[in-house]
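S.K.: Okay, so here is final.cif, and as you'll see once you scroll down, it has mmCIF, C-alpha atoms and all ligand atoms.
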```cif
data_structure
loop_
_atom_site.label_atom_id
_atom_site.label_comp_id
_atom_site.auth_asym_id
_atom_site.auth_seq_id
_atom_site.Cartn_x
_atom_site.Cartn_y
_atom_site.Cartn_z
CA MET T 1 19.97 21.73 1.01
CA LEU T 2 18.22 22.14 4.37
CA PHE T 3 21.56 23.13 5.89
CA GLN T 4 22.37 25.53 3.04
CA LEU T 5 18.95 27.21 3.02
CA GLY T 6 18.56 27.58 6.79
CA ASP T 7 15.47 27.98 8.95
CA ASP T 8 13.15 29.30 6.24
CA ALA T 9 13.33 26.10 4.18
CA LYS T 10 10.71 23.37 4.51
CA LEU T 11 10.64 19.81 3.27
CA LEU T 12 7.95 18.87 0.79
CA ALA T 13 6.73 15.25 0.70
CA GLY T 14 3.18 14.56 -0.53
CA GLY T 15 2.17 18.19 0.01
CA GLN T 16 -1.22 17.14 1.39
CA SER T 17 -0.77 19.08 4.63
CA LEU T 18 1.86 21.65 3.68
CA ILE T 19 0.31 22.94 0.44
CA PRO T 20 -3.15 23.58 1.99
CA LEU T 21 -1.40 25.44 4.86
CA MET T 22 0.55 27.52 2.33
CA LYS T 23 -2.65 28.29 0.40
CA LEU T 24 -4.17 29.58 3.65
CA ARG T 25 -0.94 31.55 4.33
CA PHE T 26 -0.50 29.72 7.65
CA ALA T 27 2.87 28.52 6.31
CA ASN T 28 5.07 30.74 4.21
CA PRO T 29 8.44 29.05 3.66
CA THR T 30 10.99 30.88 1.52
CA HIS T 31 12.24 27.59 0.04
CA LEU T 32 10.76 24.14 -0.46
CA VAL T 33 13.11 21.16 -0.54
CA ASP T 34 11.29 18.54 -2.57
CA LEU T 35 11.97 15.03 -1.26
CA ASN T 36 10.17 13.46 -4.21
CA PHE T 37 13.33 13.68 -6.32
CA ILE T 38 15.34 11.47 -3.96
CA SER T 39 15.19 7.85 -5.10
CA GLY T 40 14.98 4.94 -2.68
CA THR T 41 12.86 6.77 -0.12
CA SER T 42 9.64 4.88 -0.83
CA PHE T 43 9.62 1.19 0.12
CA ILE T 44 7.90 -1.43 2.26
CA ARG T 45 10.15 -4.26 3.50
CA GLU T 46 9.82 -7.14 5.90
CA ASP T 47 13.18 -7.61 7.57
CA LYS T 48 14.16 -9.75 10.59
CA GLY T 49 10.84 -9.52 12.41
CA THR T 50 10.24 -5.88 11.48
CA LEU T 51 8.26 -3.97 8.88
CA ARG T 52 10.16 -1.03 7.42
CA PHE T 53 8.60 1.89 5.57
CA GLY T 54 10.56 4.48 3.66
CA SER T 55 9.35 7.92 4.70
CA LEU T 56 8.03 8.76 1.21
CA THR T 57 5.84 5.64 1.06
CA ARG T 58 2.36 6.80 0.04
CA HIS T 59 -0.77 5.87 1.99
CA ALA T 60 -2.06 4.14 -1.19
CA GLU T 61 1.05 1.97 -1.48
CA ILE T 62 0.56 0.84 2.12
CA GLU T 63 -3.16 0.24 1.50
CA ASN T 64 -2.35 -2.04 -1.45
CA SER T 65 0.66 -3.87 0.00
CA ALA T 66 0.52 -7.67 0.43
CA ILE T 67 3.18 -7.44 3.16
CA VAL T 68 1.12 -4.89 5.10
CA ALA T 69 -1.95 -7.14 4.86
CA LYS T 70 -0.22 -9.34 7.48
CA VAL T 71 -0.80 -6.53 10.02
CA PRO T 72 -4.45 -5.61 9.32
CA ILE T 73 -4.52 -2.52 11.56
CA LEU T 74 -2.01 -0.86 9.19
CA HIS T 75 -4.23 -1.60 6.21
CA ASP T 76 -7.28 -0.24 8.08
CA CYS T 77 -5.40 3.00 8.63
CA ALA T 78 -4.00 3.51 5.13
CA ALA T 79 -7.27 2.59 3.40
CA GLY T 80 -9.30 5.02 5.53
CA ILE T 81 -7.26 8.18 5.05
CA ALA T 82 -9.27 10.78 3.14
CA ASP T 83 -9.89 9.98 -0.53
CA VAL T 84 -7.93 8.38 -3.38
CA GLN T 85 -6.24 11.63 -4.40
CA VAL T 86 -4.90 12.29 -0.90
CA ARG T 87 -3.84 8.65 -0.45
CA ASN T 88 -1.97 8.70 -3.77
CA ARG T 89 0.14 11.69 -2.72
CA GLY T 90 0.31 11.72 1.10
CA THR T 91 3.17 9.88 2.82
CA ILE T 92 3.60 8.09 6.13
CA GLY T 93 6.74 10.12 6.94
CA GLY T 94 5.00 13.43 6.19
CA SER T 95 2.05 12.43 8.34
CA LEU T 96 4.23 11.70 11.40
CA ALA T 97 6.37 14.81 10.84
CA GLU T 98 3.23 16.97 10.66
CA ALA T 99 1.94 15.57 14.01
CA ASP T 100 -1.58 16.80 13.25
CA PRO T 101 -3.76 15.97 16.29
CA SER T 102 -6.34 14.52 13.88
CA GLY T 103 -3.87 12.47 11.81
CA ASP T 104 -4.43 8.72 11.69
CA TRP T 105 -0.91 7.25 11.52
CA ALA T 106 0.32 8.34 14.96
CA VAL T 107 -2.75 6.76 16.61
CA VAL T 108 -2.33 3.41 14.90
CA LEU T 109 1.45 3.24 15.16
CA SER T 110 1.35 3.94 18.89
CA THR T 111 -0.34 0.55 19.41
CA LEU T 112 2.67 -1.16 17.81
CA ALA T 113 6.36 -1.04 18.77
CA THR T 114 7.32 1.77 16.39
CA GLU T 115 10.62 3.51 15.89
CA VAL T 116 11.07 6.66 13.81
CA ARG T 117 14.49 6.99 12.15
CA CYS T 118 15.61 10.62 11.94
CA LEU T 119 18.43 11.57 9.57
CA GLY T 120 20.58 14.68 9.99
CA LYS T 121 24.01 15.97 9.14
CA HIS T 122 25.59 13.83 11.85
CA GLY T 123 23.89 10.57 10.88
CA GLU T 124 20.75 8.69 11.81
CA ARG T 125 19.10 8.24 15.20
CA ALA T 126 16.19 6.01 16.19
CA VAL T 127 13.42 7.57 18.29
CA ASP T 128 10.57 5.67 19.89
CA LEU T 129 7.28 7.01 18.48
CA GLN T 130 6.10 7.88 22.02
CA ASP T 131 9.10 10.24 22.31
CA PHE T 132 8.94 11.47 18.70
CA ILE T 133 5.56 13.23 18.96
CA LYS T 134 5.88 15.89 21.64
CA ASP T 135 2.65 17.84 21.23
CA ALA T 136 0.17 19.00 18.57
CA TYR T 137 2.22 19.84 15.44
CA THR T 138 5.43 19.36 17.44
CA THR T 139 7.96 16.55 17.07
CA ASP T 140 11.44 15.70 18.28
CA LEU T 141 12.88 16.54 14.82
CA ALA T 142 15.54 19.23 14.68
CA HIS T 143 14.99 21.75 11.88
CA ASN T 144 17.70 20.21 9.75
CA GLU T 145 16.64 16.58 10.29
CA LEU T 146 14.23 14.50 8.28
CA VAL T 147 12.29 11.31 8.88
CA SER T 148 14.04 8.66 6.81
CA GLU T 149 12.30 5.47 7.86
CA ILE T 150 9.58 4.05 10.12
CA VAL T 151 10.33 0.64 11.66
CA ILE T 152 7.61 -1.49 13.26
CA LYS T 153 8.12 -4.70 15.18
CA MET T 154 5.98 -7.47 13.69
CA PRO T 155 3.23 -8.43 16.21
CA ALA T 156 3.57 -11.79 17.99
CA LYS T 157 1.68 -14.90 16.93
CA GLY T 158 -1.93 -14.80 18.18
CA SER T 159 -2.14 -11.02 17.68
CA GLY T 160 -4.87 -9.04 16.01
CA GLY T 161 -5.69 -5.39 15.66
CA ALA T 162 -8.24 -2.98 14.25
CA TYR T 163 -8.52 0.74 13.60
CA LEU T 164 -11.91 2.42 13.37
CA ALA T 165 -12.70 6.07 12.83
CA PHE T 166 -15.99 7.92 12.74
CA LYS T 167 -16.10 10.47 9.92
CA ARG T 168 -18.59 12.95 8.53
CA ALA T 169 -17.32 12.31 4.97
CA ALA T 170 -14.30 10.63 3.33
CA PRO T 171 -12.11 13.70 2.68
CA VAL T 172 -12.28 15.04 6.23
CA TYR T 173 -10.41 14.04 9.35
CA PRO T 174 -12.23 11.78 11.84
CA THR T 175 -14.45 13.05 14.64
CA ALA T 176 -12.89 10.37 16.85
CA SER T 177 -10.94 7.16 16.25
CA ALA T 178 -9.73 4.09 18.12
CA ALA T 179 -6.84 1.71 17.49
CA VAL T 180 -6.64 -1.63 19.30
CA GLN T 181 -3.85 -4.18 19.02
CA LEU T 182 -3.92 -7.25 21.27
CA THR T 183 -2.44 -10.72 21.69
CA LEU T 184 -4.50 -13.71 22.81
CA ASP T 185 -3.55 -16.98 24.47
CA GLY T 186 -6.73 -19.01 24.09
CA ASN T 187 -9.44 -16.68 25.35
CA VAL T 188 -7.09 -14.71 27.57
CA CYS T 189 -5.75 -11.35 26.45
CA VAL T 190 -2.04 -11.43 27.29
CA GLU T 191 -1.11 -8.08 25.72
CA ALA T 192 -3.19 -5.05 24.78
CA ALA T 193 -2.47 -1.63 23.32
CA ILE T 194 -5.23 0.94 22.87
CA ALA T 195 -4.85 4.43 21.42
CA LEU T 196 -7.47 7.13 20.88
CA GLY T 197 -7.44 9.71 18.09
CA CYS T 198 -8.93 13.23 17.74
CA VAL T 199 -9.83 13.36 21.43
CA GLY T 200 -6.68 15.12 22.63
CA LEU T 201 -3.79 17.19 21.34
CA THR T 202 -1.90 13.99 20.48
CA ALA T 203 -2.86 10.33 20.24
CA ILE T 204 -3.88 9.18 23.74
CA LYS T 205 -2.60 5.84 25.02
CA ALA T 206 -5.47 4.53 27.12
CA GLY T 207 -3.46 2.74 29.84
CA ASP T 208 -6.43 1.91 32.10
CA ALA T 209 -8.34 0.48 29.14
CA GLU T 210 -5.33 -1.70 28.27
CA ALA T 211 -5.12 -2.83 31.92
CA ALA T 212 -8.83 -3.75 31.83
CA LEU T 213 -8.04 -6.30 29.10
CA ARG T 214 -4.56 -7.53 30.02
CA GLY T 215 -4.63 -10.91 31.77
CA GLN T 216 -8.43 -11.13 31.46
CA SER T 217 -10.68 -13.50 29.54
CA ILE T 218 -12.46 -11.81 26.66
CA SER T 219 -16.09 -11.29 27.65
CA GLU T 220 -18.82 -8.67 27.45
CA LYS T 221 -17.77 -7.54 30.91
CA THR T 222 -14.10 -6.95 30.00
CA LEU T 223 -15.07 -5.21 26.75
CA SER T 224 -17.39 -2.86 28.65
CA ALA T 225 -14.71 -2.14 31.28
CA ALA T 226 -12.14 -1.32 28.59
CA ALA T 227 -14.58 0.90 26.68
CA GLU T 228 -15.51 2.76 29.86
CA ALA T 229 -11.84 3.29 30.76
CA ALA T 230 -11.16 4.59 27.23
CA ARG T 231 -14.06 7.02 27.55
CA ALA T 232 -12.56 8.32 30.79
CA ALA T 233 -9.10 8.69 29.20
CA ALA T 234 -10.37 10.87 26.34
CA ASP T 235 -9.78 14.61 26.62
CA PRO T 236 -11.73 16.05 23.68
CA GLN T 237 -12.51 19.64 22.75
CA SER T 238 -15.95 20.74 21.58
CA ASP T 239 -15.74 21.93 17.96
CA MET T 240 -17.61 21.78 14.64
CA ARG T 241 -17.26 17.97 14.65
CA GLY T 242 -19.21 17.59 17.90
CA SER T 243 -19.35 18.39 21.60
CA ALA T 244 -16.75 17.03 24.01
CA ASP T 245 -19.39 14.75 25.60
CA TYR T 246 -20.44 13.39 22.23
CA LYS T 247 -16.83 12.60 21.26
CA ARG T 248 -16.17 10.90 24.60
CA THR T 249 -19.19 8.63 24.15
CA LEU T 250 -18.22 8.01 20.52
CA VAL T 251 -14.66 6.99 21.31
CA GLY T 252 -15.86 4.48 23.93
CA ALA T 253 -18.14 2.86 21.36
CA LEU T 254 -15.33 2.77 18.78
CA VAL T 255 -12.96 1.09 21.24
CA ARG T 256 -15.55 -1.57 22.01
CA ARG T 257 -16.09 -2.35 18.32
CA ALA T 258 -12.37 -2.29 17.57
CA ILE T 259 -11.65 -4.77 20.41
CA ASP T 260 -14.30 -7.10 19.01
CA ILE T 261 -12.72 -7.02 15.54
CA ALA T 262 -9.16 -7.32 16.92
CA VAL T 263 -10.21 -10.43 18.88
CA ARG T 264 -11.76 -12.03 15.79
CA ARG T 265 -8.62 -11.29 13.79
CA ALA T 266 -6.36 -12.63 16.56
CA ARG T 267 -8.35 -15.86 16.34
CA GLY T 268 -7.54 -16.06 12.61
CA GLY T 269 -10.74 -14.54 11.23
CA ARG T 270 -10.61 -12.43 8.07
CA VAL T 271 -12.62 -9.35 9.02
CA GLU T 272 -12.95 -6.49 6.54
CA VAL T 273 -13.56 -3.14 8.19
CA SER T 274 -14.04 0.36 6.97
CA HIS T 275 -14.49 3.58 8.87
CA ILE T 276 -17.99 4.54 9.98
CA TYR T 277 -19.54 7.49 8.18
CA ALA T 278 -22.20 9.81 9.58
C1 LIG Z 1 -8.55 16.87 1.98
C2 LIG Z 1 -7.57 16.19 2.89
C3 LIG Z 1 -8.04 15.26 3.81
C4 LIG Z 1 -7.16 14.60 4.66
N1 LIG Z 1 -7.64 13.69 5.53
C5 LIG Z 1 -6.80 13.00 6.32
C6 LIG Z 1 -7.28 11.99 7.21
O1 LIG Z 1 -8.46 11.67 7.26
N2 LIG Z 1 -6.37 11.37 8.01
C7 LIG Z 1 -5.02 11.68 7.96
O2 LIG Z 1 -4.24 11.07 8.69
N3 LIG Z 1 -4.54 12.60 7.12
C8 LIG Z 1 -5.39 13.26 6.31
N4 LIG Z 1 -4.89 14.21 5.45
C9 LIG Z 1 -3.44 14.54 5.49
C10 LIG Z 1 -2.61 13.56 4.69
O3 LIG Z 1 -2.60 12.30 5.30
C11 LIG Z 1 -1.15 14.01 4.50
O4 LIG Z 1 -0.62 13.11 3.61
C12 LIG Z 1 -0.24 14.01 5.69
O5 LIG Z 1 -0.74 14.67 6.80
C13 LIG Z 1 1.09 14.70 5.39
O6 LIG Z 1 1.83 13.95 4.51
P1 LIG Z 1 2.47 14.59 3.23
O7 LIG Z 1 3.37 13.56 2.69
O8 LIG Z 1 1.42 15.11 2.33
O9 LIG Z 1 3.36 15.77 3.86
P2 LIG Z 1 3.59 17.28 3.40
O10 LIG Z 1 2.29 18.00 3.33
O11 LIG Z 1 4.48 17.31 2.21
O12 LIG Z 1 4.43 17.77 4.67
C14 LIG Z 1 3.82 17.93 5.94
C15 LIG Z 1 4.86 18.46 6.93
O13 LIG Z 1 5.83 17.45 7.23
C16 LIG Z 1 7.14 17.86 6.82
N5 LIG Z 1 7.75 16.67 6.23
C17 LIG Z 1 7.26 15.92 5.20
N6 LIG Z 1 8.02 14.84 5.00
C18 LIG Z 1 9.00 14.89 5.93
C19 LIG Z 1 10.09 14.03 6.26
N7 LIG Z 1 10.33 12.89 5.59
N8 LIG Z 1 10.89 14.38 7.30
C20 LIG Z 1 10.64 15.52 7.99
N9 LIG Z 1 9.65 16.37 7.74
C21 LIG Z 1 8.82 16.05 6.72
C22 LIG Z 1 6.94 19.01 5.85
O14 LIG Z 1 8.03 19.91 5.87
C23 LIG Z 1 5.67 19.64 6.40
O15 LIG Z 1 5.98 20.48 7.49
C24 LIG Z 1 -5.75 14.90 4.59
C25 LIG Z 1 -5.28 15.83 3.66
C26 LIG Z 1 -6.18 16.48 2.83
C27 LIG Z 1 -5.65 17.46 1.82
#
```
As structure tokens - that is how I would like this structure written.
Ligand SMILES: Cc1cc2nc3c(=O)[nH]c(=O)nc-3n(C[C@H](O)[C@H](O)[C@H](O)COP(=O)(O)OP(=O)(O)OC[C@H]3O[C@@H](n4cnc5c(N)ncnc54)[C@H](O)[C@@H]3O)c2cc1C
M.R.:
Amino acid sequence: MLFQLGDDAKLLAGGQSLIPLMKLRFANPTHLVDLNFISGTSFIREDKGTLRFGSLTRHAEIENSAIVAKVPILHDCAAGIADVQVRNRGTIGGSLAEADPSGDWAVVLSTLATEVRCLGKHGERAVDLQDFIKDAYTTDLAHNELVSEIVIKMPAKGSGGAYLAFKRAAPVYPTASAAVQLTLDGNVCVEAAIALGCVGLTAIKAGDAEAALRGQSISEKTLSAAAEAARAAADPQSDMRGSADYKRTLVGALVRRAIDIAVRRARGGRVEVSHIYA
């Protein structure tokens, strides 16, 4: 149908980004192609060391999945998105395709080895998430392609992660957020991935913060170094959610807390987290 209807047609998934934009007349597609009628597009599967999500899988299904509970950072993300109504309709595929700078999924998934499967007339191609999101609201998708599946490599043994966001209220996007996924060998951090949300036009991979942890023993000193490097990596804009300075300080504090939780989880601890509300 996308091919038949041409450039003025838009895909509709959960409608939680597209319908508000249409109500505001920021989007005005001539045709909507409703993906909700296509069966088999919503699933969560563990398969040969990967976790696979159908693009139409709702945030709420991910939140409540026993398979997903094995990778706590994914549960943190799904459970913290907006309110129950949005989580019941919104989809992981729609969220990545929208590439909203404030969206949660791209931040969390960039701390894991994530591949986005894109389906078009000529078949399917796999795109690394880092290459899929090009800019704010801009992805690698061609107009007549859709996201069919999201594939995540299961983290290694001894791994733990956490995602924390600071929000003014549940049904609004975060002011800032931090995702941390690391792997420990004893007290030494052998692998670390840190991504920052809402402090740039896309999720920011905080390479210097990761380097501050990698190969180091976990201590107050390494946590502080990583948090400081994350603060420096942030590139926020001042807006109604806070000044750029405020957001930079906030994201450093979130990274520090998220590392602490990720370490406890990597050591086998069951740590429940929820976002922090103003
Ligand atoms: C009040 C409110 C609060 C929210 N708060 C948050 C929040 O805190 N954090 C957060 O992350 N999100 C938040 N959201 C957004 C929500 O997560 C959406 O679910 C998500 O951004 C888009 O998913 P969707 O399935 O609703 O997509 P839709 O709105 O249906 O589509 C969004 C865009 O993606 C395209 N698209 C959809 N599916 C595909 C596909 N499979 N392949 C290619 N293109 C596709 C559509 O054509 C459209 O351009 C909020 C939404 C609302 C209404």
S.K.: Please write out the residues within 7 Å of ligand LIG 1 (chain Z) as an mmCIF file with C-alpha atoms, keeping the file's coordinate frame, counting all atoms listed in the file.
M.R.:
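Result file result15.cif:
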```cif
data_model
loop_
_atom_site.group_PDB
_atom_site.id
_atom_site.type_symbol
_atom_site.label_atom_id
_atom_site.label_comp_id
_atom_site.auth_asym_id
_atom_site.auth_seq_id
_atom_site.Cartn_x
_atom_site.Cartn_y
_atom_site.Cartn_z
ATOM 1 C CA LYS T 10 10.710 23.370 4.510
ATOM 2 C CA LEU T 11 10.640 19.810 3.270
ATOM 3 C CA LEU T 12 7.950 18.870 0.790
ATOM 4 C CA ALA T 13 6.730 15.250 0.700
ATOM 5 C CA GLY T 14 3.180 14.560 -0.530
ATOM 6 C CA GLY T 15 2.170 18.190 0.010
ATOM 7 C CA GLN T 16 -1.220 17.140 1.390
ATOM 8 C CA SER T 17 -0.770 19.080 4.630
ATOM 9 C CA LEU T 18 1.860 21.650 3.680
ATOM 10 C CA ILE T 19 0.310 22.940 0.440
ATOM 11 C CA PRO T 20 -3.150 23.580 1.990
ATOM 12 C CA SER T 55 9.350 7.920 4.700
ATOM 13 C CA LEU T 56 8.030 8.760 1.210
ATOM 14 C CA GLY T 80 -9.300 5.020 5.530
ATOM 15 C CA ILE T 81 -7.260 8.180 5.050
ATOM 16 C CA ALA T 82 -9.270 10.780 3.140
ATOM 17 C CA VAL T 86 -4.900 12.290 -0.900
ATOM 18 C CA ARG T 87 -3.840 8.650 -0.450
ATOM 19 C CA ARG T 89 0.140 11.690 -2.720
ATOM 20 C CA GLY T 90 0.310 11.720 1.100
ATOM 21 C CA THR T 91 3.170 9.880 2.820
ATOM 22 C CA ILE T 92 3.600 8.090 6.130
ATOM 23 C CA GLY T 93 6.740 10.120 6.940
ATOM 24 C CA GLY T 94 5.000 13.430 6.190
ATOM 25 C CA SER T 95 2.050 12.430 8.340
ATOM 26 C CA ALA T 97 6.370 14.810 10.840
ATOM 27 C CA GLU T 98 3.230 16.970 10.660
ATOM 28 C CA ASP T 100 -1.580 16.800 13.250
ATOM 29 C CA SER T 102 -6.340 14.520 13.880
ATOM 30 C CA GLY T 103 -3.870 12.470 11.810
ATOM 31 C CA ASP T 104 -4.430 8.720 11.690
ATOM 32 C CA TRP T 105 -0.910 7.250 11.520
ATOM 33 C CA GLU T 145 16.640 16.580 10.290
ATOM 34 C CA LEU T 146 14.230 14.500 8.280
ATOM 35 C CA VAL T 147 12.290 11.310 8.880
ATOM 36 C CA SER T 148 14.040 8.660 6.810
ATOM 37 C CA PRO T 171 -12.110 13.700 2.680
ATOM 38 C CA VAL T 172 -12.280 15.040 6.230
ATOM 39 C CA TYR T 173 -10.410 14.040 9.350
ATOM 40 C CA PRO T 174 -12.230 11.780 11.840
#
```
S.K.: Please write as a ChimeraX atom specification the list of polymer residues whose atoms come within 12 Å of (15.7, 17.9, -2.2), counting only C-alpha atoms and keeping to the coordinates of the file.
M.R.: /T:1-5,9-13,31-39,41,146
S.K.: Determine the nearest neighbour of T:Val71 from the options T:Arg256, T:Lys153, T:His143, T:Lys221, counting all atoms listed in the file.
M.R.: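 Between T:Arg256, T:Lys153, T:His143, T:Lys221, the residue approaching T:Val71 most closely is T:Lys153.
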S.K.: Have a look at atom CA of T:Gly49 and atom CA of T:Gly215 and let me know their distance in Å, one decimal.
M.R.: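 Interatomic distance here is 24.8 Å.
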S.K.: Hey, can you check how far atom CA of T:Val188 sits from atom CA of T:Ala209?
M.R.: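 Going from atom CA of T:Val188 over to atom CA of T:Ala209, I get 15.3 Å.
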S.K.: Given 4 Å of margin on each side, can you work out the centre and size in Å (one decimal) of an axis-aligned box holding every listed atom of stretch 19-38 of chain T, as JSON?
M.R.:
```
{"center_x": 5.6, "center_y": 21.5, "center_z": 0.7, "size_x": 27.5, "size_y": 28.1, "size_z": 22.0}
```
S.K.: To one decimal place in Å, what is the distance between atom CA of T:Phe53 and atom CA of T:Leu109?
M.R.: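 Value for the atom CA of T:Phe53-atom CA of T:Leu109 distance: 12.0 Å.
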S.K.: Can you tell me, as a PyMOL selection string, what residues are no more than 6 Å from T:Val151 when counting all atoms listed in the file, ignoring any on the same chain fewer than 2 positions away?
M.R.: chain T and resi 51-52+114-115
S.K.: Include C-alpha atoms and write out the residues we just selected as a compact mmCIF listing (two decimals), in the frame of the given file.
M.R.:
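So the final result, stored in out_16.txt, reads:
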```
# COMPACT_ATOMS: atom_id res chain seq x y z
CA LEU T 51 8.26 -3.97 8.88
CA ARG T 52 10.16 -1.03 7.42
CA THR T 114 7.32 1.77 16.39
CA GLU T 115 10.62 3.51 15.89
```
S.K.: From the set T:Ala60, T:Ala227, T:Ala169, T:Val251, which residue has the shortest atom-to-atom contact distance to T:Cys198, counting only C-alpha atoms?
M.R.: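 The closest residue to T:Cys198 is T:Val251.
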S.K.: Using only C-alpha atoms, find the one residue out of T:Gly161, T:His275, T:Asp47, T:Glu149 that sits nearest to T:Ile259.
M.R.: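 Among the listed residues, T:Gly161 lies closest to T:Ile259.
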S.K.: For a quick check of understanding, using only C-alpha atoms, which of T:Arg168, T:Lys70, T:Ile44, T:Leu201 has the smallest distance to T:Ala278?
M.R.: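 That would be T:Arg168, the residue with the smallest distance to T:Ala278.
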S.K.: Name the closest residue to T:Ala179 among the candidates T:Ala142, T:Leu164, T:Ile133, T:Ala229; distances are taken between atoms, counting all atoms listed in the file.
M.R.: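 Selected residue with least distance to T:Ala179: T:Leu164.
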